[in-house]
Structures are given as structure tokens and as C-alpha cells.
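**Student:** Below are the C-alpha cells for one structure; questions will follow.
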Amino acid sequence: MMVDPTLAEMGKNLNEAMKILEDGRKASDLDADRRQFSRSSIPGPLQGDGQDVASILQLVQNLMHEDEEEDNPSHRMQNVGEQGHMALLGHSLAAYISVLDRERLRKLITRIASDTTLWLCRLFRYESGSAYYHEDDREGLLKVCRLVINTRYEDYSTEGYTVLNSRQPVIYQSATCRPGLGQHLCSQLGLPLSSLCTVPCNTMFGSQHQMDIALLDKLIREDVETGKLPLLLIANAGTPGAGHTDKLGRLKELCEQYGMWLHIEGVNLATLALGEVSSPVTAATRSDSMTLTLGPWLGLPAVPAVTLYRHEDPALSLAAGLTSSQPVEKLRALPLWLSLQYLGHDGIVEKIRHAVELSQQLLEKLKTLASIKTSVEDELNSPVVVFRFSQETSAESSGGSVEGYFAGEREVLDSLNRWLCERLAQLVPASGVDIVELEDEGTCVRFTPLMTAAALGTQRCDVDLLVERLTELVPVLNCTLRLRLDFREEVYRHSALSYIEDLSWPGLGAVRYEPRIEELNDSKRQLEVEKINSELLVKLGDLDADLIFSTGLEFGPEKDCIFIGMATEDLDVAELVDTIAALGRDIEENGRLLENMTEVVRKGIQEAELQLQKDNQDKLMEEGVLRQIPLVGSVLNWFSPFQSTVKGRTFNLAAGSLDSTEPIYSMKAQTGGLASPETPTSSAKRLPGQRLFRREGAGGSDSHSETSSVGQAEDLSRERFPQPTTPNPPSLVPDEAVSVAPESPETPQVLAEPEPTQDNGEVGTQEGEEEERWPEGQEAPVEETGR
């Protein structure tokens, strides 16, 4: 068999390119490439000789992984697999085929388009249909709207939008449709927003995510009576949020009654490929058009979406843009044509069935979990599972209900479910769960394997792991929700703490330490509050505790606060709040002590300088001028020693006073009392491995009395943040005393040495012998050294 050398080279190059882009490399090589790329991130002029393929692919790889974190694999490119390689090969082949001669190109694209359309119509049970391939999944619906306008307004092709003035067209959509879909259609079609009618969902009977058919009938009759033209109805086979399906059979009958076009879209259309299909989805095969997104369903990258439609006039289809006279545009189906052949019928059905089975597996396991509420339309066939944490389930089983037991519970539950989804996505990334906001239920966790399983490779073991992690997180959510009220009440007991009401925070709550400073203005007080709470957050983060302390959400409304994260069953809320208040008080008092000490030291230095100047002047007057001359003064002091009456000074930092050094010279045993007394420590210590804020008996091995827990927190506070020391009595010399003496280079000053101490630490004096003292004002005799 002959092989086109260009096709063989193309396949080889594609395999090599994918291997370079997908294969993992060593971290050192990756970091080196990133550093090299960062230095050359600014594009320069094109090289004259050009670059080879390997260099260009290396540049592409650096661009793809420039900001990728080594420890965050969820951000890396997913493995597209062999079927993905076929889709990528289709894009390369489309570029190559486009250069063929016109006749060969026409035959080839006709074969590709007809084969792909036939396979899709048979696979999804859509008989006698045509196909339009498009990149934007909204483009098919837009073309269908143009087709319906051309069909219902016969003179539209010649007179344009002026014919719409006679009867204004109306497009109907469900309230659960994709956000912005109707507005996009009106803007692209040039229609006013009054041409868009949003139909509410059921409020009393049926699913709250399904279109209210009775109300739709009423709206259509009113529009007809006012001279408007009902044009098109957009229905859902799997709403974007909860995955519910409208009553398609009844909607089709209503459309036939008023001559409207029925278009259907949604993820549940994928189940049409299965042998057993639920009756609501089967009715989609009778619709006038429907949009299929095969890329996410089958894990195929860069394949187009497909809109299947039924219409007998090719000229109107050409005018609407559903068909094209340009052969190159028909090559959009080539990647899908290759991928469908590679997977085969059985492979496609197996992928869709596997996704549906994963949903059923998760749904069965969620039924056994307390405090988890599911929102599923059809428990037997629904490929979408939506669930949320709610205490309604557990409360009803125990004979009561806690729904609404405090204000803002809906917002709190929404924040907790948002945290739950984020944690599950981090712990089990292969599950593909995401957050969905529903009007009635609130924030929920959505599991849609039809949209994620093929790309992420989700397996049954991943669902088991998801349920296991969910089982571990539910008690944490229950404890946090229950202890929020206790935390608020404990904060109210402390006058220095302010409770911050932030319903969007998934945790115990938020608190702010308010300093007791009333004389400061608003700006200075705000700076003081920010400073104290910032230091308090650092101190709390250093504690040996299981809690997480943070500044809250990045764009949250509250600032200068301390947010406490999720709690466990054994948390002692009272001890936690007491510790926060104690640490904040210590930081505030230490700050005040530092400010006061700065002022005291400044005034003390000024006073010491004045005293030194006065003492130097007095000394000069007493000794005379001759003793100040270096050589003469030394000889004169040798023959006639002079006893100065000037006293030294000590500056007590704790007391802030300038004292005399006379007690030091008059009491020889004074130095024995300089050692500061040991700070008494509490005998209550934490056990090895024991964490802070644990209640007695709640943690099993962490059983200890609540009193000892509080005492341990206080001891830790004293050790980490020492209290200000009180001034010592005047007869004792404080540890932080600084000696200040007048300048006297010529006159030697002798400090009496303490006598040797005995083993018991007392001053060494004979028993019964009085301590020897010298009269006040007279120095102890100095032993001569033979001078």
C-alpha cells in the first residue's frame, strides 16, 4: 500500500512534538529553562536563518509552563491520550488537505462531512438530520435563529430587518439556561431585548429546575394577542446547574401548536447514545435542532461542537450560514471524523456509560451520609449529581430541625459548602467536582463526570476516595457550624475583643482586638489597631494548635481582623478566646511599656548630663586648678592625696530615677543580692504531643483538665510575652541599673570587694562577728604597693 511521505512525516513530527510537550523533565532542567526564558521574555527581532523545530517547541513548552508550580499538579496540562492525538492530527491534516487541487478537495471534504453527519445522527438517534460544525458552542443556535427568521419572514432576504417591524419576533428560554445566552443571541441578531422572554421554572409542582409549561403557554398566547411572532424555544436536556431535563415531549407539542422551532441543548443529550435512555431525554430526538459538545464527553481536545438540525430548504440553510460554499470551512469536521473512527461505536458508548455509572456510584454512597442533601432529578439515569452540606438531614433524624436557628444561616451554609468543594477538589483532583450556585438550594457541589471524566481519567476508585474524604470533612463542618455561636458568645464576654460578623467566612468566625486607648484620634487609633492585630496574628500562628489563623478572604470587607478556621469536636472555645484576649493584652501593655520607657530614658539622660556638668564644676572648685594639670596634678596627688566629696550616679530604667551610688560603696554584701529572683512558673504543663485548645476527654489521649488547659495557655503567654517588671526597693540595685560617675581620670575610685561566699551562698562572715563597716565619708585604707 502506498503511503504519502508528507502524511508519514506529519504523523512522525506530531508524535515527537507531543512527546516533547508532555514528557516530564527534571526539576533542575525545568528551572534552568524557566530562568533562561525569563531573561529572554521580551521578544527580539526575527533571526535571519530561522530556528529549527526543536527550538520552537522548546519555546512553546516554556511558555506553557512558565508559571507552573512544581507542587501543584492540578495546573499542569492534562494527558490527552491517543484519541486526543488523533484530534490534533486532524488539525494538521486540514491544513495539508487545503492545498490539494479543487476537485480532489471537493470529493474529500464531501466524504468527510457526509460520514461524520451520518455517524452522529445514528449514534444520537437523530434521523434525517444535517450537521453544522462550529467552534463556539453558541454559534450553532445563532445560525438556527437566522434560519428560522428566514423561514418565517419570506421577504427577509430582500427587505432585511424592516420586515420585523410588522411582527416582532420573540425567543423563549428557560430561567435555568446558560447565563447570557439570550442576550448574546439578541446582540448578534440585531434584536431588542424585548424580543427575549425568560420563562420561570416550576414553583409548586414538578422540579424547581424545569420550565413551567403552563406559564409558557400563557406567555405565548399573550404575545400572539399583542401581534408578536413566537419564533423559537430553547429547552434544556440537563440544565447547566443541576442537570435537570425539561418536559421535552410536552414542549414539542406546544411548539407544534404555535408553529415554533424547538432547540435543545444540555449534557444529558449524551445518554441518547446508550441503549437504555430515560423517556424525558428520548423526546429530544423529535426536536428541530440540538447542540452536542462531543469534546468534553469523549475527552477530545480542540474538536468542534455539532448542531444537528432538520430543514428541507438548502437555500435557506445556506443563507443562514449553516452550510457553506467554501470547501475549506467544511474541513472543521476532520478532527472529529478521525476521532470517531479511532474510538468506534463501542468505544464512544463505553465512555458515556462509564461516566453515567460513576454518577450512580456516587449517588448511592451519598444516600448513606448524614448531613448531606442531594438534588438529583432521576436517581436511576441522571449523569449529574449535585449535593450540599446541610444540617437539616441530621436534625430531622434526631427529631428536630436547626434550619434557621440563627440569622444568616443560609449564607453561612453557602460559605461552608464552598469550602467543602474547594477541599474536595484539592484532595481528589481526579473527581472534577466544582461549585454551582442554585437559586433555591444555594451553593452546592456538582459532580459531572460526562464533562470531566474523559479528560481527567476518573475511575471508580476516585469516587470511593471522594466519599471517604467527604466522610472525614462532614464532622468538621458540623462542629464548626455548632461552635460558631459559642465562639460569638465567648467573644462578647471580653470587653477588649470585638466580634466581626462575616457570614462568608468558612470557619469559627472573626475577632478584632480593640486597644484601650481613648485619647488617640481616629487615624492614630486605626494604626494602633492594625499594629496590635498584626502582631497578635503572628503570635497565634506560632502556637502549637490545630487551628488556622489568617487575615480572611483576599477581597473581604473586613480588615485588621483575625479569622479562625474550621474547628474540630475537641476544641475548647473558652480557652481559645481567653488566649486571644490575653495575648492581645500583653502586646498592648508591652507596647505601652516601650513607649513609656523611651520617654523615661530620654528624660533620664538629660538629667544625668546636667548632674555630670554640676559634679564636674564642684570637683574643679574643690581640687583647684593645679590638680587638673596632668604632670603637676599627679605629683601633687602623690604627696597630698585629695578625698573628693562628689558622689556617683545610677540610672534605674524600671523606676525612671537617677540615684546615688553611695549604697553600693557602703554595703560590701550588696553584690550578693543582685541576682534577681526566679520567676515562679506554673506546675501545670502540657503532656508530650498535646495541642492547645483541647477539651478534657474529647481528644482521647489528650485527656486533661480544663483548668490545667487554661493554666497552660497563661504560662505560655507569660513565657512568650513577659510582663513588665516592678521597680526594686531603693536599697537594692536593679538588674537594668546603669552606673554613671563623674569624670575623674586622676582620682582612683575603689569599690569594696565582697568577701568570699560559702557553699550555702551567704556572705562569708564569722558566726557572731559583726560585719565590718567604715564610717560614712571615709574610704577603706588602700594597701600600698611599694610606690
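To be explicit about the labels: the chains of the C-alpha cells are called A, B, and onward in the order shown, and within each one the residues are counted from 1, while ligands get numbers from 1 in the order they are shown.
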Near region 297-309 of chain A, within 8 Å and counting only C-alpha atoms, which residues show up once chain neighbours fewer than 3 positions away are dropped, as an MDAnalysis selection string?

**Tutor:** chainID A and resid 80 83:84 87:88 121 126 129:137 140:141 270 288:294 332:333 335:336 339 348 351:352 450:455

**Student:** Let me see the file: selected residues, N, CA and C atoms, as a compact mmCIF listing (two decimals), in the first residue's frame.

**Tutor:**
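File written: result.txt
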# COMPACT_ATOMS: atom_id res chain seq x y z
N VAL A 80 -3.69 14.02 26.98
CA VAL A 80 -4.79 13.94 26.00
C VAL A 80 -5.01 12.52 25.50
N GLN A 83 -6.59 9.09 21.61
CA GLN A 83 -7.70 9.68 20.85
C GLN A 83 -7.53 11.19 20.73
N GLY A 84 -6.88 11.82 21.72
CA GLY A 84 -6.57 13.24 21.61
C GLY A 84 -5.55 13.53 20.54
N ALA A 87 -7.27 13.78 17.26
CA ALA A 87 -7.93 15.07 17.06
C ALA A 87 -6.93 16.15 16.68
N LEU A 88 -5.76 16.12 17.33
CA LEU A 88 -4.73 17.11 16.98
C LEU A 88 -4.18 16.86 15.58
N CYS A 121 -25.78 11.21 13.53
CA CYS A 121 -27.23 11.07 13.53
C CYS A 121 -27.64 9.67 13.98
N TYR A 126 -30.90 10.69 15.76
CA TYR A 126 -31.48 11.89 15.14
C TYR A 126 -31.59 11.63 13.65
N GLY A 129 -31.14 14.14 9.68
CA GLY A 129 -30.62 15.41 10.15
C GLY A 129 -29.41 15.87 9.37
N SER A 130 -29.15 17.15 9.46
CA SER A 130 -27.94 17.75 8.91
C SER A 130 -27.08 18.24 10.07
N ALA A 131 -25.84 18.53 9.78
CA ALA A 131 -24.90 18.91 10.85
C ALA A 131 -24.19 20.19 10.49
N TYR A 132 -24.00 21.03 11.50
CA TYR A 132 -23.19 22.24 11.37
C TYR A 132 -22.13 22.19 12.46
N TYR A 133 -20.86 22.32 12.05
CA TYR A 133 -19.74 22.22 12.98
C TYR A 133 -19.22 23.63 13.29
N HIS A 134 -19.04 23.90 14.55
CA HIS A 134 -18.67 25.27 14.96
C HIS A 134 -17.79 25.22 16.20
N GLU A 135 -16.93 26.22 16.34
CA GLU A 135 -16.01 26.28 17.48
C GLU A 135 -16.72 26.77 18.74
N ASP A 136 -17.47 27.86 18.63
CA ASP A 136 -18.24 28.40 19.76
C ASP A 136 -19.53 27.60 19.88
N ASP A 137 -19.79 27.07 21.08
CA ASP A 137 -20.97 26.23 21.24
C ASP A 137 -22.27 27.01 21.13
N GLY A 140 -23.98 27.53 16.80
CA GLY A 140 -24.99 26.73 16.13
C GLY A 140 -26.39 27.25 16.38
N LEU A 141 -26.70 27.61 17.62
CA LEU A 141 -28.01 28.18 17.94
C LEU A 141 -28.22 29.51 17.23
N ALA A 270 -26.03 13.35 25.84
CA ALA A 270 -25.05 12.29 25.61
C ALA A 270 -25.63 10.91 25.88
N ASP A 288 -36.35 20.14 16.65
CA ASP A 288 -35.94 20.68 15.36
C ASP A 288 -34.44 20.83 15.25
N SER A 289 -33.77 21.01 16.40
CA SER A 289 -32.30 21.10 16.39
C SER A 289 -31.80 20.84 17.79
N MET A 290 -30.56 20.41 17.89
CA MET A 290 -29.93 20.22 19.19
C MET A 290 -28.42 20.33 19.01
N THR A 291 -27.76 20.81 20.07
CA THR A 291 -26.31 21.04 20.06
C THR A 291 -25.61 20.00 20.91
N LEU A 292 -24.59 19.36 20.34
CA LEU A 292 -23.80 18.34 21.03
C LEU A 292 -22.38 18.86 21.23
N THR A 293 -21.86 18.68 22.42
CA THR A 293 -20.47 19.07 22.73
C THR A 293 -19.67 17.79 22.97
N LEU A 294 -19.18 17.20 21.90
CA LEU A 294 -18.52 15.90 21.98
C LEU A 294 -17.13 15.99 22.60
N ARG A 332 -13.74 21.56 9.06
CA ARG A 332 -13.85 21.58 10.52
C ARG A 332 -14.21 20.21 11.08
N ALA A 333 -14.88 19.40 10.27
CA ALA A 333 -15.30 18.08 10.75
C ALA A 333 -14.17 17.06 10.73
N PRO A 335 -11.10 16.71 12.37
CA PRO A 335 -10.65 16.14 13.65
C PRO A 335 -11.68 15.21 14.27
N LEU A 336 -12.96 15.56 14.15
CA LEU A 336 -14.00 14.69 14.69
C LEU A 336 -14.13 13.41 13.88
N SER A 339 -11.33 11.12 15.05
CA SER A 339 -11.51 10.65 16.43
C SER A 339 -12.63 9.62 16.52
N ILE A 348 -17.16 4.84 22.02
CA ILE A 348 -17.92 6.04 22.37
C ILE A 348 -18.98 5.71 23.41
N LYS A 351 -17.45 5.09 26.92
CA LYS A 351 -17.06 6.31 27.64
C LYS A 351 -18.27 6.98 28.28
N ILE A 352 -19.36 7.07 27.55
CA ILE A 352 -20.56 7.71 28.11
C ILE A 352 -21.17 6.86 29.21
N LEU A 450 -19.61 13.35 32.93
CA LEU A 450 -19.70 13.44 31.47
C LEU A 450 -18.85 14.57 30.92
N MET A 451 -18.65 15.62 31.71
CA MET A 451 -17.86 16.75 31.26
C MET A 451 -16.41 16.69 31.69
N THR A 452 -16.08 15.82 32.64
CA THR A 452 -14.72 15.83 33.20
C THR A 452 -14.03 14.47 33.20
N ALA A 453 -14.78 13.38 33.27
CA ALA A 453 -14.16 12.07 33.49
C ALA A 453 -13.24 11.67 32.35
N ALA A 454 -13.62 11.95 31.12
CA ALA A 454 -12.78 11.54 29.99
C ALA A 454 -11.45 12.27 29.98
N ALA A 455 -11.45 13.54 30.35
CA ALA A 455 -10.20 14.30 30.35
C ALA A 455 -9.36 14.01 31.58

**Student:** Of the residues A:Arg152, A:Lys330, A:Arg250, A:Lys365, which is the one nearest to Thr110 (chain A), using only C-alpha atoms?

**Tutor:** A:Lys330

**Student:** Leu540 (chain A): which residues within 9 Å, counting only C-alpha atoms, same-chain residues fewer than 4 positions away excluded, as a list in words?

**Tutor:**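 Neighbouring residues, sequence-local ones excluded: Glu535, Leu536, Asp544, Ala545, Ile548, Phe549, Thr579, Ile580 and Leu583 of chain A.
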
**Student:** Using DSSP on the backbone coordinates, identify the residues of region 48-230 of chain A assigned to helix (DSSP H, G or I); present them as a PyMOL selection string.

**Tutor:** chain A and resi 53-64+73-75+81-97+102-123+139-152+156-165+181-189+193-195+213-225

**Student:** Tell me which of A:Gly249, A:Ala242, A:Arg122, A:Pro280 sits closest to Pro383 (chain A), counting only C-alpha atoms.

**Tutor:**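 Of the candidates, the smallest distance to Pro383 (chain A) is held by A:Ala242.
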
**Student:** Near Ala510 (chain A), counting only C-alpha atoms, which residues have an atom at most 6 Å away, once you skip same-chain residues fewer than 4 positions from it, shown as a list in words?

**Tutor:**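 The residues satisfying every condition are Ile500, Ile562 and Phe563 of chain A.
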
**Student:** Would you mind writing down, as number ranges by chain, each residue of region 296-379 of chain A that DSSP on the backbone assigns to strand (DSSP E or B)?

**Tutor:** A: 305-309, 372-374

**Student:** Mind giving me the straight-line distance from CA of Pro230 (chain A) to CA of Pro200 (chain A) in Å, one decimal?

**Tutor:**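 Computed distance, CA of Pro230 (chain A) to CA of Pro200 (chain A), equals 17.0 Å.
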
**Student:** What is the distance, in Å and to one decimal place, between CA of Thr117 (chain A) and CA of Asp246 (chain A)?

**Tutor:**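 Between CA of Thr117 (chain A) and CA of Asp246 (chain A) the gap is 26.2 Å.
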
**Student:** Using only C-alpha atoms, which of the listed residues (A:Arg460, A:Arg482, A:Arg516, A:Lys603) sits closest to Thr568 (chain A)?

**Tutor:**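 Going through A:Arg460, A:Arg482, A:Arg516, A:Lys603 one by one, the smallest distance to Thr568 (chain A) is for A:Arg482.
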
**Student:** Between CA of Leu185 (chain A) and CA of Thr198 (chain A), what is the distance in Å, rounded to a tenth?

**Tutor:**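 We find that CA of Leu185 (chain A) and CA of Thr198 (chain A) lie 13.2 Å from each other.
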